[in-house]
>>> print(open('structure12.cif').read())   # mmCIF, C-alpha atoms
data_work
#
loop_
_atom_site.label_atom_id
_atom_site.label_comp_id
_atom_site.auth_asym_id
_atom_site.auth_seq_id
_atom_site.Cartn_x
_atom_site.Cartn_y
_atom_site.Cartn_z
CA MET C 1 -164.21 -143.11 18.37
CA LYS C 2 -166.40 -145.94 17.03
CA ILE C 3 -168.98 -145.99 14.30
CA THR C 4 -172.34 -146.84 15.81
CA LYS C 5 -174.52 -146.67 12.71
CA ILE C 6 -174.52 -145.87 9.03
CA LYS C 7 -177.85 -144.54 7.79
CA THR C 8 -178.85 -144.38 4.15
CA TYR C 9 -181.56 -142.09 2.86
CA VAL C 10 -183.07 -142.22 -0.63
CA VAL C 11 -184.70 -138.89 -1.51
CA PRO C 12 -187.18 -139.70 -4.31
CA ALA C 13 -187.00 -137.88 -7.63
CA HIS C 14 -190.27 -136.03 -7.13
CA VAL C 15 -188.72 -133.94 -4.34
CA SER C 16 -186.56 -132.14 -6.90
CA ASP C 17 -189.18 -131.89 -9.67
CA SER C 18 -189.41 -128.41 -11.19
CA ASP C 19 -191.16 -126.59 -14.01
CA TRP C 20 -187.90 -126.74 -15.95
CA ALA C 21 -187.06 -130.45 -15.55
CA PHE C 22 -188.05 -133.70 -13.92
CA GLY C 23 -186.30 -134.40 -10.64
CA LYS C 24 -183.59 -136.88 -9.75
CA ALA C 25 -183.25 -139.24 -6.79
CA PHE C 26 -180.50 -138.51 -4.26
CA VAL C 27 -178.77 -141.10 -2.04
CA LEU C 28 -177.50 -139.58 1.22
CA VAL C 29 -175.25 -141.30 3.76
CA LYS C 30 -174.87 -140.47 7.46
CA VAL C 31 -172.09 -141.95 9.63
CA GLU C 32 -172.85 -141.79 13.36
CA THR C 33 -170.36 -142.33 16.20
CA ASP C 34 -170.34 -142.93 19.95
CA GLU C 35 -168.93 -139.43 20.55
CA ASN C 36 -172.00 -137.57 19.28
CA LEU C 37 -170.25 -136.63 16.05
CA SER C 38 -171.59 -137.52 12.63
CA GLY C 39 -170.68 -137.00 8.99
CA TRP C 40 -172.77 -136.68 5.83
CA GLY C 41 -172.01 -137.89 2.33
CA GLU C 42 -173.75 -138.54 -0.96
CA ALA C 43 -173.57 -141.30 -3.54
CA TYR C 44 -174.12 -140.68 -7.24
CA VAL C 45 -177.21 -142.32 -8.73
CA PRO C 46 -176.81 -143.58 -12.34
CA ASN C 47 -180.16 -143.39 -14.16
CA ASP C 48 -182.85 -144.92 -11.88
CA CYS C 49 -180.49 -147.04 -9.77
CA GLU C 50 -180.97 -145.36 -6.39
CA LEU C 51 -182.10 -148.57 -4.68
CA ALA C 52 -179.15 -150.55 -6.03
CA VAL C 53 -176.66 -147.94 -4.81
CA ALA C 54 -178.41 -147.62 -1.45
CA ALA C 55 -178.35 -151.41 -1.03
CA LEU C 56 -174.58 -151.42 -1.56
CA VAL C 57 -174.13 -148.67 1.03
CA ASP C 58 -176.28 -150.69 3.41
CA ALA C 59 -174.21 -153.82 2.77
CA LEU C 60 -170.95 -151.95 3.35
CA ALA C 61 -172.35 -150.59 6.62
CA ARG C 62 -172.15 -154.01 8.22
CA TYR C 63 -168.36 -153.90 7.86
CA LEU C 64 -168.10 -150.53 9.62
CA GLU C 65 -170.69 -150.41 12.38
CA GLY C 66 -169.24 -151.22 15.80
CA ASN C 67 -165.65 -150.62 14.65
CA ASP C 68 -163.26 -147.72 15.14
CA VAL C 69 -163.56 -144.97 12.56
CA PRO C 70 -161.10 -146.12 9.89
CA GLN C 71 -158.58 -144.04 8.03
CA ILE C 72 -160.19 -143.18 4.72
CA ALA C 73 -157.49 -144.93 2.69
CA GLN C 74 -157.97 -148.01 4.86
CA PHE C 75 -161.74 -147.94 4.27
CA ARG C 76 -161.29 -147.72 0.49
CA HIS C 77 -158.75 -150.58 0.54
CA ASN C 78 -161.01 -152.80 2.63
CA ALA C 79 -164.04 -152.02 0.48
CA VAL C 80 -162.23 -152.90 -2.74
CA HIS C 81 -160.22 -155.88 -1.55
CA SER C 82 -162.29 -157.46 1.22
CA PHE C 83 -165.89 -156.54 0.44
CA ALA C 84 -165.77 -156.45 -3.36
CA THR C 85 -162.79 -158.81 -3.84
CA LEU C 86 -161.70 -156.51 -6.68
CA GLN C 87 -165.02 -156.98 -8.55
CA THR C 88 -165.77 -153.28 -8.62
CA GLY C 89 -168.00 -151.25 -10.92
CA LEU C 90 -170.00 -148.04 -11.23
CA HIS C 91 -172.61 -148.73 -8.54
CA PHE C 92 -170.00 -149.97 -6.09
CA SER C 93 -167.83 -146.92 -6.71
CA CYS C 94 -170.78 -144.63 -6.02
CA ALA C 95 -171.57 -146.38 -2.74
CA VAL C 96 -167.94 -146.17 -1.59
CA ALA C 97 -167.79 -142.49 -2.55
CA GLY C 98 -170.90 -141.75 -0.48
CA ILE C 99 -169.47 -143.36 2.66
CA GLU C 100 -166.02 -141.90 2.07
CA THR C 101 -167.44 -138.38 1.79
CA ALA C 102 -169.27 -138.84 5.08
CA LEU C 103 -166.00 -139.97 6.68
CA TRP C 104 -164.25 -136.83 5.39
CA ASP C 105 -167.06 -134.71 6.87
CA LEU C 106 -166.74 -136.57 10.18
CA GLN C 107 -162.96 -136.22 10.20
CA GLY C 108 -163.20 -132.50 9.57
CA LYS C 109 -165.62 -132.05 12.44
CA ALA C 110 -163.46 -134.16 14.76
CA GLN C 111 -160.42 -131.99 13.95
CA ALA C 112 -162.42 -128.72 13.84
CA GLN C 113 -161.18 -128.12 10.29
CA PRO C 114 -162.89 -127.61 6.93
CA VAL C 115 -162.39 -130.63 4.67
CA TYR C 116 -160.35 -128.61 2.19
CA GLN C 117 -157.74 -128.08 4.91
CA LEU C 118 -157.49 -131.86 5.35
CA LEU C 119 -156.97 -132.17 1.58
CA GLY C 120 -153.83 -130.05 1.74
CA GLY C 121 -155.24 -126.57 2.21
CA ALA C 122 -156.99 -124.03 0.02
CA CYS C 123 -155.25 -122.54 -2.99
CA ARG C 124 -158.02 -120.02 -3.73
CA GLU C 125 -160.41 -117.84 -1.75
CA ALA C 126 -163.45 -118.72 -3.83
CA VAL C 127 -164.34 -121.74 -5.96
CA PRO C 128 -165.63 -121.05 -9.50
CA VAL C 129 -168.78 -122.87 -10.63
CA TYR C 130 -170.61 -123.25 -13.93
CA THR C 131 -174.35 -123.74 -14.08
CA ASN C 132 -175.97 -126.55 -16.03
CA CYS C 133 -178.96 -125.50 -18.15
CA HIS C 134 -180.11 -128.97 -19.19
CA ALA C 135 -183.80 -129.85 -19.14
CA ASN C 136 -185.10 -133.38 -19.60
CA LYS C 137 -188.44 -131.95 -20.72
CA ASP C 138 -189.10 -131.04 -24.34
CA PHE C 139 -188.56 -127.28 -24.68
CA PRO C 140 -187.71 -125.28 -27.81
CA PHE C 141 -184.22 -123.82 -27.76
CA ASP C 142 -185.65 -120.32 -27.32
CA ASP C 143 -186.66 -121.44 -23.83
CA VAL C 144 -183.14 -122.73 -23.21
CA ILE C 145 -181.83 -119.29 -24.19
CA ASP C 146 -184.24 -117.65 -21.73
CA TYR C 147 -183.19 -120.07 -18.99
CA ALA C 148 -179.49 -119.45 -19.65
CA ARG C 149 -180.06 -115.70 -19.60
CA GLY C 150 -181.83 -116.07 -16.26
CA GLN C 151 -178.91 -118.07 -14.89
CA HIS C 152 -176.52 -115.30 -15.90
CA GLU C 153 -178.76 -112.72 -14.23
CA ALA C 154 -178.70 -114.90 -11.09
CA GLY C 155 -174.92 -114.46 -10.92
CA PHE C 156 -173.46 -117.28 -13.02
CA ASN C 157 -170.83 -116.29 -15.57
CA GLN C 158 -170.58 -119.74 -17.16
CA VAL C 159 -173.56 -121.66 -18.56
CA LYS C 160 -173.54 -125.17 -20.00
CA VAL C 161 -175.94 -126.17 -22.75
CA TYR C 162 -176.72 -129.23 -24.92
CA PRO C 163 -177.30 -127.99 -28.48
CA PHE C 164 -177.31 -131.51 -30.01
CA TRP C 165 -179.77 -132.99 -27.50
CA ASN C 166 -182.56 -135.25 -28.85
CA ASP C 167 -180.88 -135.92 -32.22
CA THR C 168 -180.71 -132.25 -33.15
CA SER C 169 -178.71 -131.91 -36.37
CA ILE C 170 -175.26 -130.34 -36.39
CA ASP C 171 -176.42 -127.36 -38.45
CA GLU C 172 -179.44 -126.70 -36.27
CA GLY C 173 -177.43 -127.10 -33.07
CA LEU C 174 -174.80 -124.63 -34.27
CA THR C 175 -177.53 -122.17 -35.26
CA HIS C 176 -178.93 -122.42 -31.74
CA LEU C 177 -175.48 -121.74 -30.30
CA ARG C 178 -175.09 -118.62 -32.42
CA GLN C 179 -178.45 -117.39 -31.15
CA LEU C 180 -177.41 -118.08 -27.57
CA ARG C 181 -174.09 -116.31 -28.01
CA GLU C 182 -175.89 -113.23 -29.36
CA SER C 183 -178.33 -113.31 -26.43
CA LEU C 184 -175.74 -113.36 -23.63
CA PRO C 185 -173.23 -110.70 -22.60
CA ALA C 186 -169.68 -111.29 -23.77
CA GLU C 187 -168.47 -111.90 -20.21
CA CYS C 188 -170.75 -114.95 -19.89
CA ASP C 189 -168.92 -118.05 -21.11
CA ILE C 190 -170.82 -120.78 -22.93
CA LEU C 191 -169.86 -124.41 -22.30
CA VAL C 192 -171.06 -127.00 -24.82
CA ASP C 193 -171.89 -130.61 -23.93
CA ALA C 194 -172.36 -132.85 -26.99
CA TRP C 195 -173.30 -135.86 -24.82
CA ARG C 196 -171.30 -138.22 -27.07
CA ALA C 197 -173.61 -137.52 -30.03
CA LEU C 198 -170.85 -136.75 -32.57
CA ASN C 199 -168.19 -138.65 -34.47
CA TYR C 200 -164.71 -137.36 -35.26
CA GLU C 201 -165.66 -135.61 -38.52
CA SER C 202 -168.76 -133.88 -37.17
CA ALA C 203 -166.87 -132.96 -34.00
CA LYS C 204 -164.22 -131.24 -36.13
CA THR C 205 -166.94 -129.19 -37.81
CA VAL C 206 -168.35 -128.24 -34.42
CA LEU C 207 -164.90 -127.36 -33.06
CA ASN C 208 -164.19 -124.98 -35.92
CA THR C 209 -167.46 -123.15 -35.34
CA LEU C 210 -167.00 -122.99 -31.56
CA GLU C 211 -163.53 -121.54 -32.02
CA ALA C 212 -164.92 -118.84 -34.32
CA MET C 213 -167.56 -117.98 -31.71
CA GLY C 214 -165.02 -117.81 -28.88
CA ILE C 215 -166.44 -120.88 -27.11
CA ARG C 216 -163.61 -122.75 -25.40
CA TRP C 217 -165.33 -125.89 -24.00
CA LEU C 218 -166.59 -129.01 -25.81
CA GLU C 219 -167.61 -131.82 -23.50
CA ASP C 220 -167.97 -135.46 -24.55
CA PRO C 221 -167.96 -134.95 -28.32
CA VAL C 222 -167.51 -138.73 -28.82
CA PRO C 223 -167.66 -141.75 -26.49
CA THR C 224 -165.06 -141.60 -23.70
CA GLU C 225 -163.46 -144.87 -24.80
CA ASP C 226 -162.67 -143.44 -28.26
CA PHE C 227 -159.22 -142.29 -27.14
CA GLN C 228 -157.90 -141.83 -30.66
CA SER C 229 -160.61 -139.40 -31.75
CA LEU C 230 -160.47 -137.50 -28.46
CA ALA C 231 -156.69 -137.14 -28.74
CA ARG C 232 -156.90 -135.85 -32.32
CA LEU C 233 -159.59 -133.36 -31.31
CA ALA C 234 -157.63 -132.22 -28.26
CA GLU C 235 -154.57 -131.37 -30.33
CA SER C 236 -156.45 -129.70 -33.17
CA GLY C 237 -157.30 -126.26 -31.78
CA SER C 238 -157.89 -123.89 -28.90
CA VAL C 239 -161.17 -125.44 -27.71
CA ASP C 240 -160.78 -127.57 -24.57
CA ILE C 241 -161.92 -131.18 -24.90
CA VAL C 242 -163.65 -132.28 -21.69
CA THR C 243 -164.51 -135.88 -20.76
CA GLY C 244 -164.57 -138.44 -17.95
CA GLU C 245 -167.95 -138.19 -16.22
CA THR C 246 -168.79 -141.81 -17.07
CA LEU C 247 -165.62 -143.21 -15.48
CA SER C 248 -165.66 -144.67 -11.97
CA ASP C 249 -162.03 -145.43 -11.17
CA GLU C 250 -158.61 -143.85 -11.45
CA ALA C 251 -157.44 -146.35 -14.08
CA GLY C 252 -159.88 -144.92 -16.62
CA PHE C 253 -158.60 -141.39 -16.08
CA SER C 254 -155.03 -142.64 -16.36
CA GLN C 255 -155.87 -144.01 -19.80
CA LEU C 256 -157.22 -140.62 -20.88
CA LEU C 257 -154.04 -138.94 -19.65
CA ASN C 258 -151.78 -141.53 -21.27
CA HIS C 259 -153.51 -141.01 -24.62
CA ARG C 260 -153.56 -137.21 -24.17
CA ALA C 261 -157.24 -137.54 -24.90
CA ALA C 262 -158.50 -134.58 -22.86
CA ASP C 263 -157.65 -131.04 -21.90
CA ILE C 264 -160.00 -131.19 -18.92
CA LEU C 265 -161.07 -134.28 -16.96
CA ASN C 266 -164.50 -134.14 -15.31
CA PRO C 267 -164.96 -136.90 -12.72
CA ASP C 268 -168.17 -136.94 -10.71
CA ILE C 269 -167.55 -136.17 -7.03
CA ALA C 270 -170.18 -138.63 -5.75
CA CYS C 271 -169.01 -141.42 -8.03
CA VAL C 272 -165.24 -141.47 -7.51
CA GLY C 273 -164.97 -139.67 -4.15
CA LEU C 274 -162.76 -136.95 -2.72
CA SER C 275 -159.63 -139.08 -2.40
CA THR C 276 -159.63 -140.18 -6.03
CA ILE C 277 -160.43 -136.72 -7.36
CA THR C 278 -157.56 -135.08 -5.48
CA SER C 279 -155.01 -137.77 -6.38
CA MET C 280 -156.18 -137.86 -9.98
CA ALA C 281 -155.98 -134.06 -10.15
CA ALA C 282 -152.30 -134.27 -9.21
CA SER C 283 -151.70 -136.72 -12.07
CA ALA C 284 -153.62 -134.47 -14.44
CA ARG C 285 -151.59 -131.45 -13.39
CA ALA C 286 -148.36 -133.28 -14.25
CA ALA C 287 -149.83 -133.87 -17.72
CA SER C 288 -150.82 -130.18 -18.12
CA CYS C 289 -154.46 -131.16 -17.84
CA LYS C 290 -157.15 -129.46 -15.75
CA VAL C 291 -160.00 -130.91 -13.69
CA ALA C 292 -163.66 -129.87 -13.68
CA ILE C 293 -165.79 -131.55 -11.05
CA HIS C 294 -168.95 -133.11 -12.51
CA ASN C 295 -171.84 -132.90 -10.07
CA PHE C 296 -175.18 -134.31 -11.23
CA ASN C 297 -176.26 -134.70 -7.61
CA SER C 298 -178.01 -132.73 -4.92
CA MET C 299 -176.80 -129.21 -4.24
CA GLY C 300 -176.11 -130.27 -0.65
CA PRO C 301 -173.49 -132.86 0.45
CA ALA C 302 -172.21 -133.48 -3.09
CA LEU C 303 -171.88 -129.78 -3.89
CA ALA C 304 -170.14 -129.14 -0.56
CA ALA C 305 -167.73 -132.01 -1.33
CA SER C 306 -167.15 -130.59 -4.82
CA LEU C 307 -166.40 -127.13 -3.42
CA SER C 308 -164.10 -128.62 -0.78
CA ALA C 309 -162.11 -130.49 -3.42
CA GLY C 310 -162.22 -127.47 -5.72
CA ALA C 311 -160.71 -125.29 -3.02
CA ALA C 312 -157.65 -127.57 -2.77
CA ILE C 313 -157.11 -128.52 -6.44
CA GLU C 314 -154.63 -126.19 -8.13
CA ASN C 315 -155.55 -127.13 -11.71
CA LEU C 316 -159.29 -126.61 -11.24
CA ALA C 317 -161.38 -125.61 -14.25
CA GLY C 318 -164.63 -125.31 -12.28
CA VAL C 319 -167.39 -127.09 -10.35
CA GLU C 320 -170.75 -128.02 -11.84
CA TYR C 321 -173.92 -126.54 -10.34
CA PHE C 322 -177.54 -127.52 -11.02
CA SER C 323 -179.86 -124.65 -10.15
CA ARG C 324 -182.86 -126.91 -10.80
CA PHE C 325 -181.87 -129.07 -7.81
CA LYS C 326 -181.51 -126.14 -5.41
CA ALA C 327 -185.11 -125.94 -4.19
CA GLY C 328 -185.39 -129.71 -3.71
CA THR C 329 -182.11 -129.79 -1.81
CA GLN C 330 -183.11 -126.96 0.49
CA VAL C 331 -186.00 -129.09 1.74
CA PHE C 332 -183.50 -131.09 3.81
CA CYS C 333 -180.10 -129.35 3.62
CA ARG C 334 -178.52 -125.93 4.03
CA LEU C 335 -175.26 -125.18 2.22
CA ASN C 336 -173.09 -122.91 4.36
CA TRP C 337 -171.00 -121.56 1.48
CA GLN C 338 -171.73 -118.02 0.27
CA GLN C 339 -172.29 -117.51 -3.44
CA THR C 340 -170.73 -114.41 -5.00
CA GLN C 341 -172.03 -112.32 -7.90
CA ASN C 342 -169.52 -113.75 -10.39
CA GLY C 343 -170.50 -117.40 -10.15
CA SER C 344 -168.24 -118.67 -7.39
CA PHE C 345 -168.52 -119.73 -3.75
CA ILE C 346 -166.47 -118.18 -0.95
CA LEU C 347 -164.79 -120.81 1.22
CA SER C 348 -166.79 -121.96 4.22
CA GLU C 349 -164.90 -121.81 7.51
CA GLU C 350 -167.14 -124.40 9.15
CA PRO C 351 -165.57 -127.73 10.16
CA GLY C 352 -166.32 -130.63 7.85
CA LEU C 353 -168.06 -130.07 4.54
CA GLY C 354 -169.91 -126.95 5.65
CA ILE C 355 -173.51 -128.17 5.48
CA SER C 356 -176.44 -128.55 7.87
CA VAL C 357 -178.87 -131.43 7.30
CA ASP C 358 -182.35 -131.64 8.83
CA GLU C 359 -182.58 -135.36 9.43
CA SER C 360 -186.20 -135.14 10.60
CA ILE C 361 -187.19 -134.22 7.03
CA LEU C 362 -185.45 -137.37 5.78
CA ALA C 363 -187.25 -139.76 8.16
CA ASP C 364 -189.66 -141.01 5.49
CA PHE C 365 -186.73 -141.72 3.16
CA ASP C 366 -184.74 -144.06 5.44
CA TYR C 367 -183.61 -146.86 3.11
CA ARG C 368 -183.83 -149.66 5.68
CA LEU C 369 -187.43 -148.73 6.42
CA ALA C 370 -188.58 -147.59 3.00
CA ALA C 371 -187.19 -150.68 1.26
CA LYS C 372 -189.92 -152.63 3.06
CA ARG C 373 -192.83 -150.48 1.83
CA PRO C 374 -193.94 -148.42 -1.18
CA TRP C 375 -192.11 -145.14 -1.71
CA PRO C 376 -193.92 -142.03 -0.46
CA GLY C 377 -195.24 -139.61 -3.04
#
>>> encode(input="structure12.cif", output="structure tokens")
Amino acid sequence: MKITKIKTYVVPAHVSDSDWAFGKAFVLVKVETDENLSGWGEAYVPNDCELAVAALVDALARYLEGNDVPQIAQFRHNAVHSFATLQTGLHFSCAVAGIETALWDLQGKAQAQPVYQLLGGACREAVPVYTNCHANKDFPFDDVIDYARGQHEAGFNQVKVYPFWNDTSIDEGLTHLRQLRESLPAECDILVDAWRALNYESAKTVLNTLEAMGIRWLEDPVPTEDFQSLARLAESGSVDIVTGETLSDEAGFSQLLNHRAADILNPDIACVGLSTITSMAASARAASCKVAIHNFNSMGPALAASLSAGAAIENLAGVEYFSRFKAGTQVFCRLNWQQTQNGSFILSEEPGLGISVDESILADFDYRLAAKRPWPG
């Protein structure tokens, strides 16, 4: 089976605009073959860099089109050593992850197996998810509370919030958290993302309060490279320290593990790829560390890849879900995983990732065509 074409689609941010938040661009990858089989993937887009990531996917395509479908490990090796000559970085990692995910989807379809079976088999019947309540519009925290309550009513038992967003003071942020805790049923867990806004001393204050409120998750209290502070925070109490979303290679996660600087690692599925997440999860498990899959991407190919990895990872803490991207994603993609009432997704039995993509909807977003003219909308 040979690869005949790699297509790259850039879905503009306006497609996923909502009343709650501004949208985000998605970079989708399709691998086509001469046997009428194809696979879909997605590359993470840092900030407004969708064209840069898409250009890297397009450049990598020239090394794949017309050749036999490579083993995924072989593709990653060639991309790093031949194409990039070891000069890798965030954008490159995202492009590789997008193609790699499409190859996993293709391989699953070729073998008539769900991707999680190719990753070693499922170790759970349903994959737990937590819903992200972040808005990049300026709302009072009362609106965040209402949104989080609505997410719980929609069937999510874990909600993630950003109480220190936009330079909110520690005292005010903790007051908001107390209000949120009082507004949600006890069975709904609250996850806190500090977005690297704290230092060690203020993080200790926050940890003490979270512990008293029964909140067990503090994400990115300080910059990821501050291993010493993260390690001290991780050993100081019962609240899990979560970090890693800004890292793009396995070496960075190894440093976190070596410094015991996290209780939970949260790599982004469309940045590091399925292969790295599963191998890194094994290393984390040996260090008594869990893995939560970060997923600031569409709720289509990237979510399906996250759920596939989450099905096979024993030490899974959860998969991130963005409800505000659901409507925009459904314009072009259907996720064939059934959501339960307790915030999880039952395993899809479909071969590959378990998604259906309407490529006709994406025609206006073809990177090779759209790069030559103004973006629609």
>>> residues_around(input="structure12.cif", residues="Gln228 (chain C)", least_positions_apart="2", cutoff="8 Å", atoms="all atoms listed in the file", output="NGL selection string")
:C and (226 or 230-232 or 259 or 261)
>>> resolve_selection(input="structure12.cif", expression="the PyMOL selection byres ((chain C and resi 285) around 12)", output="PDB file with C-alpha atoms, in the frame of the given file")
ATOM      1  CA  LEU C 257    -154.040-138.940 -19.650  1.00  0.00           C
ATOM      2  CA  ASP C 263    -157.650-131.040 -21.900  1.00  0.00           C
ATOM      3  CA  ILE C 264    -160.000-131.190 -18.920  1.00  0.00           C
ATOM      4  CA  LEU C 265    -161.070-134.280 -16.960  1.00  0.00           C
ATOM      5  CA  ILE C 277    -160.430-136.720  -7.360  1.00  0.00           C
ATOM      6  CA  THR C 278    -157.560-135.080  -5.480  1.00  0.00           C
ATOM      7  CA  SER C 279    -155.010-137.770  -6.380  1.00  0.00           C
ATOM      8  CA  MET C 280    -156.180-137.860  -9.980  1.00  0.00           C
ATOM      9  CA  ALA C 281    -155.980-134.060 -10.150  1.00  0.00           C
ATOM     10  CA  ALA C 282    -152.300-134.270  -9.210  1.00  0.00           C
ATOM     11  CA  SER C 283    -151.700-136.720 -12.070  1.00  0.00           C
ATOM     12  CA  ALA C 284    -153.620-134.470 -14.440  1.00  0.00           C
ATOM     13  CA  ALA C 286    -148.360-133.280 -14.250  1.00  0.00           C
ATOM     14  CA  ALA C 287    -149.830-133.870 -17.720  1.00  0.00           C
ATOM     15  CA  SER C 288    -150.820-130.180 -18.120  1.00  0.00           C
ATOM     16  CA  CYS C 289    -154.460-131.160 -17.840  1.00  0.00           C
ATOM     17  CA  LYS C 290    -157.150-129.460 -15.750  1.00  0.00           C
ATOM     18  CA  VAL C 291    -160.000-130.910 -13.690  1.00  0.00           C
ATOM     19  CA  ILE C 313    -157.110-128.520  -6.440  1.00  0.00           C
ATOM     20  CA  GLU C 314    -154.630-126.190  -8.130  1.00  0.00           C
ATOM     21  CA  ASN C 315    -155.550-127.130 -11.710  1.00  0.00           C
ATOM     22  CA  LEU C 316    -159.290-126.610 -11.240  1.00  0.00           C
ATOM     23  CA  ALA C 317    -161.380-125.610 -14.250  1.00  0.00           C
TER      24      ALA C 317
END
>>> closest_residue(input="structure12.cif", among="C:Thr205, C:Gln113, C:Asn199, C:Ser93", to="Asp268 (chain C)", atoms="all atoms listed in the file")
C:Ser93
>>> resolve_selection(input="structure12.cif", expression="the PyMOL selection byres ((chain C and resi 48) around 12)", output="number ranges by chain")
C: 10, 12-13, 23-27, 44-47, 49-54, 91
>>> atom_distance(input="structure12.cif", atom1="CA of Ala186 (chain C)", atom2="CA of Ala148 (chain C)")
13.4 Å
>>> resolve_selection(input="structure12.cif", expression="the PyMOL selection byres ((chain C and resi 165-179) around 8)", output="JSON list (two decimals) with C-alpha atoms, in the coordinates of the input")
[["chain", "number", "residue", "atom", "x", "y", "z"],
["C", 141, "PHE", "CA", -184.22, -123.82, -27.76],
["C", 145, "ILE", "CA", -181.83, -119.29, -24.19],
["C", 162, "TYR", "CA", -176.72, -129.23, -24.92],
["C", 163, "PRO", "CA", -177.30, -127.99, -28.48],
["C", 164, "PHE", "CA", -177.31, -131.51, -30.01],
["C", 180, "LEU", "CA", -177.41, -118.08, -27.57],
["C", 181, "ARG", "CA", -174.09, -116.31, -28.01],
["C", 182, "GLU", "CA", -175.89, -113.23, -29.36],
["C", 183, "SER", "CA", -178.33, -113.31, -26.43],
["C", 194, "ALA", "CA", -172.36, -132.85, -26.99],
["C", 195, "TRP", "CA", -173.30, -135.86, -24.82],
["C", 197, "ALA", "CA", -173.61, -137.52, -30.03],
["C", 202, "SER", "CA", -168.76, -133.88, -37.17],
["C", 206, "VAL", "CA", -168.35, -128.24, -34.42],
["C", 209, "THR", "CA", -167.46, -123.15, -35.34],
["C", 213, "MET", "CA", -167.56, -117.98, -31.71]]
>>> closest_residue(input="structure12.cif", among="C:Val15, C:Leu335, C:Ala309, C:Ile293", to="Leu274 (chain C)", atoms="all atoms listed in the file")
C:Ala309
>>> closest_residue(input="structure12.cif", among="C:Ala110, C:Leu191, C:Ala203, C:Ala59", to="Glu320 (chain C)", atoms="only C-alpha atoms")
C:Leu191
>>> residues_near_point(input="structure12.cif", point="(-173.8, -123.0, 1.6)", cutoff="8 Å", atoms="all atoms listed in the file", output="PyMOL selection string")
chain C and resi 300+304+334-339+348+354-355
>>> closest_residue(input="structure12.cif", among="C:Asp220, C:Glu32, C:Glu100, C:Asp240", to="Val57 (chain C)", atoms="all atoms listed in the file")
C:Glu100
>>> residues_near_point(input="structure12.cif", point="(-170.4, -132.1, 1.1)", cutoff="6 Å", atoms="all atoms listed in the file", output="list of chain:residue names")
C:Pro301, C:Ala302, C:Leu303, C:Ala304, C:Ala305, C:Leu353
>>> atom_distance(input="structure12.cif", atom1="CA of Gln111 (chain C)", atom2="CA of Val357 (chain C)")
19.6 Å
>>> closest_residue(input="structure12.cif", among="C:Leu86, C:Ile3, C:Leu119, C:Leu369", to="Asp68 (chain C)", atoms="all atoms listed in the file")
C:Ile3
>>> closest_residue(input="structure12.cif", among="C:Tyr200, C:Trp104, C:Phe227, C:Phe322", to="Val161 (chain C)", atoms="only C-alpha atoms")
C:Phe322
>>> atom_distance(input="structure12.cif", atom1="CA of Glu359 (chain C)", atom2="CA of Asp105 (chain C)")
15.7 Å
>>> residues_around(input="structure12.cif", residues="Glu187 (chain C)", least_positions_apart="4", cutoff="10 Å", atoms="only C-alpha atoms", output="PDB file with C-alpha atoms, in the coordinates of the input")
ATOM      1  CA  HIS C 152    -176.520-115.300 -15.900  1.00  0.00           C
ATOM      2  CA  ASN C 157    -170.830-116.290 -15.570  1.00  0.00           C
ATOM      3  CA  GLN C 158    -170.580-119.740 -17.160  1.00  0.00           C
TER       4      GLN C 158
END
>>> axis_aligned_box(input="structure12.cif", around="region 218-225 of chain C", padding_each_side="3 Å", output="JSON")
{"center_x": -165.7, "center_y": -136.9, "center_z": -26.2, "size_x": 10.5, "size_y": 21.9, "size_z": 11.3}
>>> build_atoms(input="structure12.cif", residues="region 244-252 of chain C", atoms="N, CA and C atoms", output="PDB file, in the frame of the given file")
ATOM      1  N   GLY C 244    -164.892-137.629 -19.129  1.00  0.00           N
ATOM      2  CA  GLY C 244    -164.570-138.440 -17.950  1.00  0.00           C
ATOM      3  C   GLY C 244    -165.706-138.670 -16.985  1.00  0.00           C
ATOM      4  N   GLU C 245    -166.872-138.062 -17.199  1.00  0.00           N
ATOM      5  CA  GLU C 245    -167.950-138.190 -16.220  1.00  0.00           C
ATOM      6  C   GLU C 245    -168.476-139.610 -16.090  1.00  0.00           C
ATOM      7  N   THR C 246    -168.281-140.443 -17.119  1.00  0.00           N
ATOM      8  CA  THR C 246    -168.790-141.810 -17.070  1.00  0.00           C
ATOM      9  C   THR C 246    -167.818-142.789 -16.419  1.00  0.00           C
ATOM     10  N   LEU C 247    -166.632-142.327 -16.058  1.00  0.00           N
ATOM     11  CA  LEU C 247    -165.620-143.210 -15.480  1.00  0.00           C
ATOM     12  C   LEU C 247    -165.772-143.296 -13.964  1.00  0.00           C
ATOM     13  N   SER C 248    -165.453-144.464 -13.411  1.00  0.00           N
ATOM     14  CA  SER C 248    -165.660-144.670 -11.970  1.00  0.00           C
ATOM     15  C   SER C 248    -164.404-145.052 -11.215  1.00  0.00           C
ATOM     16  N   ASP C 249    -163.252-145.112 -11.895  1.00  0.00           N
ATOM     17  CA  ASP C 249    -162.030-145.430 -11.170  1.00  0.00           C
ATOM     18  C   ASP C 249    -160.848-144.673 -11.781  1.00  0.00           C
ATOM     19  N   GLU C 250    -159.763-144.633 -11.040  1.00  0.00           N
ATOM     20  CA  GLU C 250    -158.610-143.850 -11.450  1.00  0.00           C
ATOM     21  C   GLU C 250    -157.935-144.420 -12.694  1.00  0.00           C
ATOM     22  N   ALA C 251    -158.070-145.723 -12.912  1.00  0.00           N
ATOM     23  CA  ALA C 251    -157.440-146.350 -14.080  1.00  0.00           C
ATOM     24  C   ALA C 251    -157.986-145.758 -15.377  1.00  0.00           C
ATOM     25  N   GLY C 252    -159.288-145.495 -15.418  1.00  0.00           N
ATOM     26  CA  GLY C 252    -159.880-144.920 -16.620  1.00  0.00           C
ATOM     27  C   GLY C 252    -159.342-143.537 -16.915  1.00  0.00           C
TER      28      GLY C 252
END
